[in-house]
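Data block below; observations after.
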Amino acid sequence: MRTLNTFIATFIFCFSSYGVSEEVPKGPNGKPDLNGVWQVLNTANYDLEAHPARAAMQLVEGPVVPVPHPDILALGAVGSVPAGLSAVVGGKIPYTKKALKQRDENKNNWLERDPEIKCYLPGVPRATYMPYPFQIFHSESSFFIAYEYAGATRNIYLKDPGEPPVDSWMGQSWGQWEEDSFVVETKGFNGQTWLDRSGNFHSDQLKVTEKYTLMNEHTMQYEATIEDSEIFTRPWTIQMMLYKKVGRDAELQQFKCVEFVEELIYGQWRAKD
Amino acid sequence: MVNGEQKTSLMKFLFITMIGLPLVLLGAEYETPKTWFGDPDLQGTWTNASLTTLERPDEYKSLIVNERDALIAKRMTKEFVDAQDNYLEPGETPKAGADVGGYNTAWMDFGTELFKINGDYRSSIITYPEDGKLPRRWIGWGKEAIAIARMFRQADHPELRSLGERCIVGFGSSGGPPMLNVLYNNNYQIVQSPGYVMIMVEMNHDARIIRLNSEFNPDNMRRWLGDSIGFWEGNTLVVKTKNHHPQQKFRAAIRHQILISEGAEITEKFTRVGKNEILYQFEVNDDEAYKDVWKGEMPLRASQEKIYEYACHEGNYAMANILAGARAEEEQ
């Protein structure tokens, strides 16, 4: 009997926590309040697709198995890659044959090619699932996201501003409410950002449609549909959860990494003592 | 006979002429709009582009500038812009070996006239000391002289160049505090959420996140643009900033050069005085670099323009060229 009661209690708990919409806090115009500091708890920035743990982001041939590239060898376990399931609906990114070859080349040349290594602006949707939080400032007249990584920012227009007048790293975004989801369309990218550390990439034809859906006070579902006919055979979607930071943790810190990469980028031109 | 409808119209007319009109003529206080959570609403895109500079140029003898002198300043600026943009005759090309110049004024945004506060043109942002000049403590500035000279003349290491050239923060004190106008990118976007006021500074896409009714972070947390907390005094947002970044001590732009010591305490006030204007006031308390406090004020005017992405580091060919050029010169 006791076992049955425990089973019923567990079932009720699970049912109330998942799959049933809970009351969500309301913000401006009675819409869900998305304000706050949010972050993913996943490994999508390492690789959007399913990946086992491995020794390093860039490997070279070893005597028995691949070993870390000499330039990151000294990092040991700190430079290794944690495993993760795929954030891609359906599991695989639908690359064209040519683009898939490019992705693999990118992966094999990660140290030279990943824009994150040089602290370049992250682009969309990568900014969302980097291992740094971001803060949403959401009012009746504005929707703005400040990302901790590289101090990247993104103003999301609340009316369609028309075609982007110029290409940019973070693109031009505009959003509107579709029932209780905030849907953001972004295009006008310069094609120089990546989607993760595993060489997944796009061209300047990228269009991203994001959907932010508050599930309860502390969790939000994030979905991004990626369209780029130069690189992919069809539109594809990623899905993940965002978690709200609370208490003293709910403060965006500064990670202006430009100064951290000056030696990497400009070190070769320093004056000799 | 006056019917009911006419009586209502007459009452409305009397109310407007006897009460409403005098209020307008007396300059009735602007009713600050409120955000959805009840705070005074400062949101929007604002610019502080202006011919008025931080310190008072010597040709002006007082804070207030008369209409004639303000018009002269405006006309001279227009002439400068024309000369800068059209220095060659149609079809003419620069002479070989001659200076081809840098930016033309399409890249600049220094305003077209002196700013006005309460209807008066101003000669400086500084309102105190009354001479409109920074009360520099020359010993403090002397200590910084070597670093300052190196910043402009030497190219041994990237860290010795200015923060603007390094793409870490904007030139001068564009991001503040205090937020001062520079040659270009004088735009700010303010967005508010419960407990926060966020000011996005165009140069260098810096989000100044002001925590309301909060406490300062520990002294060893030295943020770029300092650590800012704020509170409301009626309809005025008061922002206190300290724990300035040690590398952000000397802030140099063409239009101002200031020192902000690590221990400086800066107070800023933002008051919306109209639909299209915020009065921005500040006070700098920095014993190490100045003999006295200094205060200033300027209007932030509403802008309908879009703020584009300021991606500086990603295209910073200049830094590589400055350093590589210096190394090449050494080898000659």
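In the structure tokens, chains take the letters A, B, ... in the order shown, each chain's residues start at 1, and ligands count up from 1 in the order shown.
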Discussion item. Within 7 Å of chain B, which residues belong to chain A? Use only C-alpha atoms and report them as an NGL selection string.
Written reply: :A and (28 or 35 or 120 or 137-140 or 142 or 146 or 151-153 or 168 or 254 or 258-259 or 262 or 266 or 269-271)
Practice prompt. Check segment 172-265 of chain A with DSSP on the backbone and list each residue it calls alpha helix (DSSP H), as a list in words.
Written response: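 Everything in segment 172-265 of chain A that counts as alpha helix (DSSP H) is Glu262, Glu263, Leu264 and Ile265 of chain A.
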Discussion item. Could you tell me how far atom CA of Phe134 of chain A sits from atom CA of Val246 of chain A, in Å to one decimal place?
Written reply: 13.0 Å
Worksheet item: Restricting the calculation to only C-alpha atoms, which member of A:Lys118, A:Arg126, A:His218, A:Lys245 is positioned closest to Val261 of chain A?
Response: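 Looking at the shortest contact to Val261 of chain A, the residue is A:Lys118.
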Practice prompt. Pick out the closest residue to Asn190 of chain A from this set: A:Asp204, A:Asp228, A:Asp104, A:Asp249. Count only C-alpha atoms.
Written response: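 The closest residue to Asn190 of chain A is A:Asp204.
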Practice prompt. Find the residues around Gln135 of chain A up to 7 Å (only C-alpha atoms counted), leave out those fewer than 5 positions away in its own chain, and share them as a ChimeraX atom specification.
Written response: /A:36-38,145-147,252
Selection export as a PDB file, in the first residue's frame, atoms kept: all heavy atoms:
```pdb
ATOM      1  N   GLY A  36      14.769  38.926 -16.975  1.00  0.00           N
ATOM      2  CA  GLY A  36      15.603  38.152 -16.057  1.00  0.00           C
ATOM      3  C   GLY A  36      16.903  37.723 -16.703  1.00  0.00           C
ATOM      4  O   GLY A  36      17.174  38.019 -17.872  1.00  0.00           O
ATOM      5  N   VAL A  37      17.721  37.045 -15.899  1.00  0.00           N
ATOM      6  CA  VAL A  37      19.010  36.535 -16.377  1.00  0.00           C
ATOM      7  C   VAL A  37      18.839  35.041 -16.634  1.00  0.00           C
ATOM      8  O   VAL A  37      18.447  34.290 -15.735  1.00  0.00           O
ATOM      9  CB  VAL A  37      20.116  36.786 -15.329  1.00  0.00           C
ATOM     10  CG1 VAL A  37      21.447  36.220 -15.805  1.00  0.00           C
ATOM     11  CG2 VAL A  37      20.248  38.285 -15.065  1.00  0.00           C
ATOM     12  N   TRP A  38      19.123  34.617 -17.862  1.00  0.00           N
ATOM     13  CA  TRP A  38      18.853  33.249 -18.302  1.00  0.00           C
ATOM     14  C   TRP A  38      20.130  32.571 -18.795  1.00  0.00           C
ATOM     15  O   TRP A  38      21.062  33.230 -19.246  1.00  0.00           O
ATOM     16  CB  TRP A  38      17.835  33.259 -19.453  1.00  0.00           C
ATOM     17  CG  TRP A  38      16.513  33.879 -19.081  1.00  0.00           C
ATOM     18  CD1 TRP A  38      16.184  35.203 -19.154  1.00  0.00           C
ATOM     19  CD2 TRP A  38      15.369  33.211 -18.558  1.00  0.00           C
ATOM     20  NE1 TRP A  38      14.896  35.392 -18.717  1.00  0.00           N
ATOM     21  CE2 TRP A  38      14.372  34.192 -18.351  1.00  0.00           C
ATOM     22  CE3 TRP A  38      15.077  31.867 -18.255  1.00  0.00           C
ATOM     23  CZ2 TRP A  38      13.104  33.881 -17.842  1.00  0.00           C
ATOM     24  CZ3 TRP A  38      13.813  31.562 -17.759  1.00  0.00           C
ATOM     25  CH2 TRP A  38      12.847  32.559 -17.556  1.00  0.00           C
ATOM     26  N   ILE A 145      18.343  42.295 -25.474  1.00  0.00           N
ATOM     27  CA  ILE A 145      19.095  41.217 -24.817  1.00  0.00           C
ATOM     28  C   ILE A 145      20.552  41.632 -24.701  1.00  0.00           C
ATOM     29  O   ILE A 145      21.185  42.006 -25.694  1.00  0.00           O
ATOM     30  CB  ILE A 145      18.997  39.882 -25.583  1.00  0.00           C
ATOM     31  CG1 ILE A 145      17.529  39.521 -25.867  1.00  0.00           C
ATOM     32  CG2 ILE A 145      19.667  38.767 -24.792  1.00  0.00           C
ATOM     33  CD1 ILE A 145      17.333  38.221 -26.639  1.00  0.00           C
ATOM     34  N   ALA A 146      21.079  41.572 -23.471  1.00  0.00           N
ATOM     35  CA  ALA A 146      22.509  41.815 -23.237  1.00  0.00           C
ATOM     36  C   ALA A 146      23.137  40.468 -22.895  1.00  0.00           C
ATOM     37  O   ALA A 146      22.684  39.785 -21.980  1.00  0.00           O
ATOM     38  CB  ALA A 146      22.697  42.793 -22.082  1.00  0.00           C
ATOM     39  N   TYR A 147      24.135  40.082 -23.673  1.00  0.00           N
ATOM     40  CA  TYR A 147      24.820  38.804 -23.454  1.00  0.00           C
ATOM     41  C   TYR A 147      26.127  39.058 -22.704  1.00  0.00           C
ATOM     42  O   TYR A 147      26.844  40.015 -23.002  1.00  0.00           O
ATOM     43  CB  TYR A 147      25.142  38.131 -24.799  1.00  0.00           C
ATOM     44  CG  TYR A 147      23.910  37.825 -25.620  1.00  0.00           C
ATOM     45  CD1 TYR A 147      23.434  38.735 -26.553  1.00  0.00           C
ATOM     46  CD2 TYR A 147      23.225  36.626 -25.448  1.00  0.00           C
ATOM     47  CE1 TYR A 147      22.301  38.461 -27.307  1.00  0.00           C
ATOM     48  CE2 TYR A 147      22.088  36.350 -26.202  1.00  0.00           C
ATOM     49  CZ  TYR A 147      21.631  37.265 -27.129  1.00  0.00           C
ATOM     50  OH  TYR A 147      20.511  37.001 -27.865  1.00  0.00           O
ATOM     51  N   LEU A 252      24.226  39.813 -14.267  1.00  0.00           N
ATOM     52  CA  LEU A 252      25.093  39.595 -15.419  1.00  0.00           C
ATOM     53  C   LEU A 252      26.467  40.174 -15.116  1.00  0.00           C
ATOM     54  O   LEU A 252      26.581  41.343 -14.759  1.00  0.00           O
ATOM     55  CB  LEU A 252      24.490  40.293 -16.640  1.00  0.00           C
ATOM     56  CG  LEU A 252      24.866  39.712 -17.994  1.00  0.00           C
ATOM     57  CD1 LEU A 252      24.284  38.318 -18.150  1.00  0.00           C
ATOM     58  CD2 LEU A 252      24.373  40.614 -19.120  1.00  0.00           C
TER      59      LEU A 252
END
```
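Atom to atom, atom CA of Ala106 of chain B and atom CA of Pro178 of chain B stand 26.2 Å apart.
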Worksheet item: Which one of A:Tyr95, A:Trp174, A:Phe260, A:Trp169 sits closest to Gly191 of chain A if you count only C-alpha atoms?
Response: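 Among the listed residues, A:Trp169 lies closest to Gly191 of chain A.
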Fill in: Using only C-alpha atoms: which of A:Ser80, A:Pro125, A:Gly62, A:Gly175 has the shortest distance to Ser141 of chain A
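Between A:Ser80, A:Pro125, A:Gly62, A:Gly175, the residue approaching Ser141 of chain A most closely is A:Gly175.
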Fill in: Shell of 10 Å around Pro94 of chain A, only C-alpha atoms, local chain residues under 2 positions omitted, as number ranges by chain
A: 88, 90-92, 96-97, 99-100, 231-236
Output of the above residues as an mmCIF file, in the first residue's frame, restricted to N, CA, C and O atoms:
```cif
data_model
loop_
_atom_site.group_PDB
_atom_site.id
_atom_site.type_symbol
_atom_site.label_atom_id
_atom_site.label_comp_id
_atom_site.auth_asym_id
_atom_site.auth_seq_id
_atom_site.Cartn_x
_atom_site.Cartn_y
_atom_site.Cartn_z
ATOM 1 N N VAL A 88 19.303 19.242 -31.972
ATOM 2 C CA VAL A 88 18.658 19.354 -33.288
ATOM 3 C C VAL A 88 17.453 18.403 -33.341
ATOM 4 O O VAL A 88 17.588 17.211 -33.053
ATOM 5 N N GLY A 90 15.304 15.834 -34.721
ATOM 6 C CA GLY A 90 15.616 14.839 -35.746
ATOM 7 C C GLY A 90 17.069 14.381 -35.665
ATOM 8 O O GLY A 90 17.472 13.439 -36.339
ATOM 9 N N GLY A 91 17.878 15.066 -34.867
ATOM 10 C CA GLY A 91 19.240 14.588 -34.574
ATOM 11 C C GLY A 91 20.346 15.185 -35.413
ATOM 12 O O GLY A 91 21.389 15.554 -34.900
ATOM 13 N N LYS A 92 20.153 15.274 -36.743
ATOM 14 C CA LYS A 92 21.253 15.678 -37.629
ATOM 15 C C LYS A 92 20.938 16.997 -38.336
ATOM 16 O O LYS A 92 19.794 17.267 -38.706
ATOM 17 N N THR A 96 24.019 20.331 -47.129
ATOM 18 C CA THR A 96 24.260 19.874 -48.499
ATOM 19 C C THR A 96 25.586 19.105 -48.453
ATOM 20 O O THR A 96 26.368 19.254 -47.505
ATOM 21 N N LYS A 97 25.855 18.334 -49.488
ATOM 22 C CA LYS A 97 27.071 17.523 -49.516
ATOM 23 C C LYS A 97 28.326 18.407 -49.393
ATOM 24 O O LYS A 97 29.247 18.137 -48.631
ATOM 25 N N ALA A 99 28.514 21.496 -48.221
ATOM 26 C CA ALA A 99 28.602 22.193 -46.934
ATOM 27 C C ALA A 99 29.057 21.255 -45.821
ATOM 28 O O ALA A 99 29.775 21.664 -44.905
ATOM 29 N N LEU A 100 28.660 19.991 -45.916
ATOM 30 C CA LEU A 100 29.071 19.027 -44.894
ATOM 31 C C LEU A 100 30.599 18.863 -44.898
ATOM 32 O O LEU A 100 31.243 18.777 -43.850
ATOM 33 N N ILE A 231 23.399 26.394 -47.634
ATOM 34 C CA ILE A 231 24.157 25.460 -46.788
ATOM 35 C C ILE A 231 23.347 24.222 -46.416
ATOM 36 O O ILE A 231 23.896 23.133 -46.248
ATOM 37 N N PHE A 232 22.020 24.383 -46.277
ATOM 38 C CA PHE A 232 21.190 23.276 -45.784
ATOM 39 C C PHE A 232 20.158 22.870 -46.844
ATOM 40 O O PHE A 232 19.698 23.705 -47.625
ATOM 41 N N THR A 233 19.784 21.605 -46.804
ATOM 42 C CA THR A 233 18.834 21.100 -47.790
ATOM 43 C C THR A 233 17.391 21.470 -47.435
ATOM 44 O O THR A 233 16.507 21.410 -48.277
ATOM 45 N N ARG A 234 17.163 21.815 -46.173
ATOM 46 C CA ARG A 234 15.817 22.198 -45.715
ATOM 47 C C ARG A 234 15.949 22.976 -44.397
ATOM 48 O O ARG A 234 17.017 22.916 -43.752
ATOM 49 N N PRO A 235 14.909 23.704 -43.984
ATOM 50 C CA PRO A 235 14.948 24.352 -42.666
ATOM 51 C C PRO A 235 15.044 23.300 -41.567
ATOM 52 O O PRO A 235 14.507 22.192 -41.719
ATOM 53 N N TRP A 236 15.719 23.621 -40.488
ATOM 54 C CA TRP A 236 15.835 22.693 -39.350
ATOM 55 C C TRP A 236 15.747 23.458 -38.040
ATOM 56 O O TRP A 236 15.923 24.681 -38.023
#
```
Worksheet item: Pick from B:Thr112, B:Val201, B:Thr77, B:Glu265: nearest to Phe216 of chain B, with only C-alpha atoms counted?
Response: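 Checking each of B:Thr112, B:Val201, B:Thr77, B:Glu265 against Phe216 of chain B, counting only C-alpha atoms, the winner is B:Glu265.
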Item to complete: Please provide the set of residues having any atom within 8 Å of His245 of chain B, restricted to only C-alpha atoms, with same-chain residues fewer than 2 positions apart removed, written as a list in words.
Response: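 Near His245 of chain B, the qualifying residues are Arg222, Arg223, Trp224, Leu225, Gly226, Asn243, Gln247, Gln248, Lys249 and Glu262 of chain B.
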Worksheet item: Counting only C-alpha atoms, what is within 9 Å of segment 61-63 of chain B, bar same-chain residues fewer than 5 positions away, as a list in words?
Response: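 The neighbour list is Arg56, Tyr121, Arg122, Ser123, Ser124, Ile125, Ile126, Thr127, Glu130, Asp131 and Gly132 of chain B.
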For the residues in the current selection, export C-alpha atoms as a PDB file, in the first residue's frame.
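Generated output (out05.pdb):
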```pdb
ATOM      1  CA  ARG B  56      34.580  75.890 -22.082  1.00  0.00           C
ATOM      2  CA  TYR B 121      22.725  78.028 -25.387  1.00  0.00           C
ATOM      3  CA  ARG B 122      25.594  76.604 -23.337  1.00  0.00           C
ATOM      4  CA  SER B 123      29.334  77.070 -23.867  1.00  0.00           C
ATOM      5  CA  SER B 124      30.389  74.012 -21.842  1.00  0.00           C
ATOM      6  CA  ILE B 125      29.002  70.859 -20.299  1.00  0.00           C
ATOM      7  CA  ILE B 126      30.820  71.777 -17.081  1.00  0.00           C
ATOM      8  CA  THR B 127      28.673  73.980 -14.847  1.00  0.00           C
ATOM      9  CA  GLU B 130      32.207  78.315 -12.851  1.00  0.00           C
ATOM     10  CA  ASP B 131      35.057  78.904 -15.315  1.00  0.00           C
ATOM     11  CA  GLY B 132      33.963  75.755 -17.145  1.00  0.00           C
TER      12      GLY B 132
END
```
Practice prompt. Go through segment 90-289 of chain B and collect every residue that DSSP, computed from the backbone, puts in strand (DSSP E); the answer should be as an MDAnalysis selection string.
Written response: chainID B and resid 116:117 120:122 126:128 187:193 196:201 206:212 227:233 236:242 250:252 257:259 265:274 277:285
Worksheet item: Which is closest to His256 of chain B among B:Ser50, B:Ser173, B:Ser162, B:Ser303, if we use only C-alpha atoms?
Response: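 Ranking B:Ser50, B:Ser173, B:Ser162, B:Ser303 by distance to His256 of chain B, first place goes to B:Ser173.
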Worksheet item: What is the atom CA of Met57 of chain A-atom CA of Lys107 of chain A distance in Å, reported with one decimal?
Response: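 Atom CA of Met57 of chain A sits 8.1 Å away from atom CA of Lys107 of chain A.
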Worksheet entry | Contact residues around Gln221 of chain A with only C-alpha atoms at 12 Å, ignoring same-chain residues under 4 positions, as an MDAnalysis selection string | chainID A and resid 21 34 38:40 128 180:183 210:217 238:244
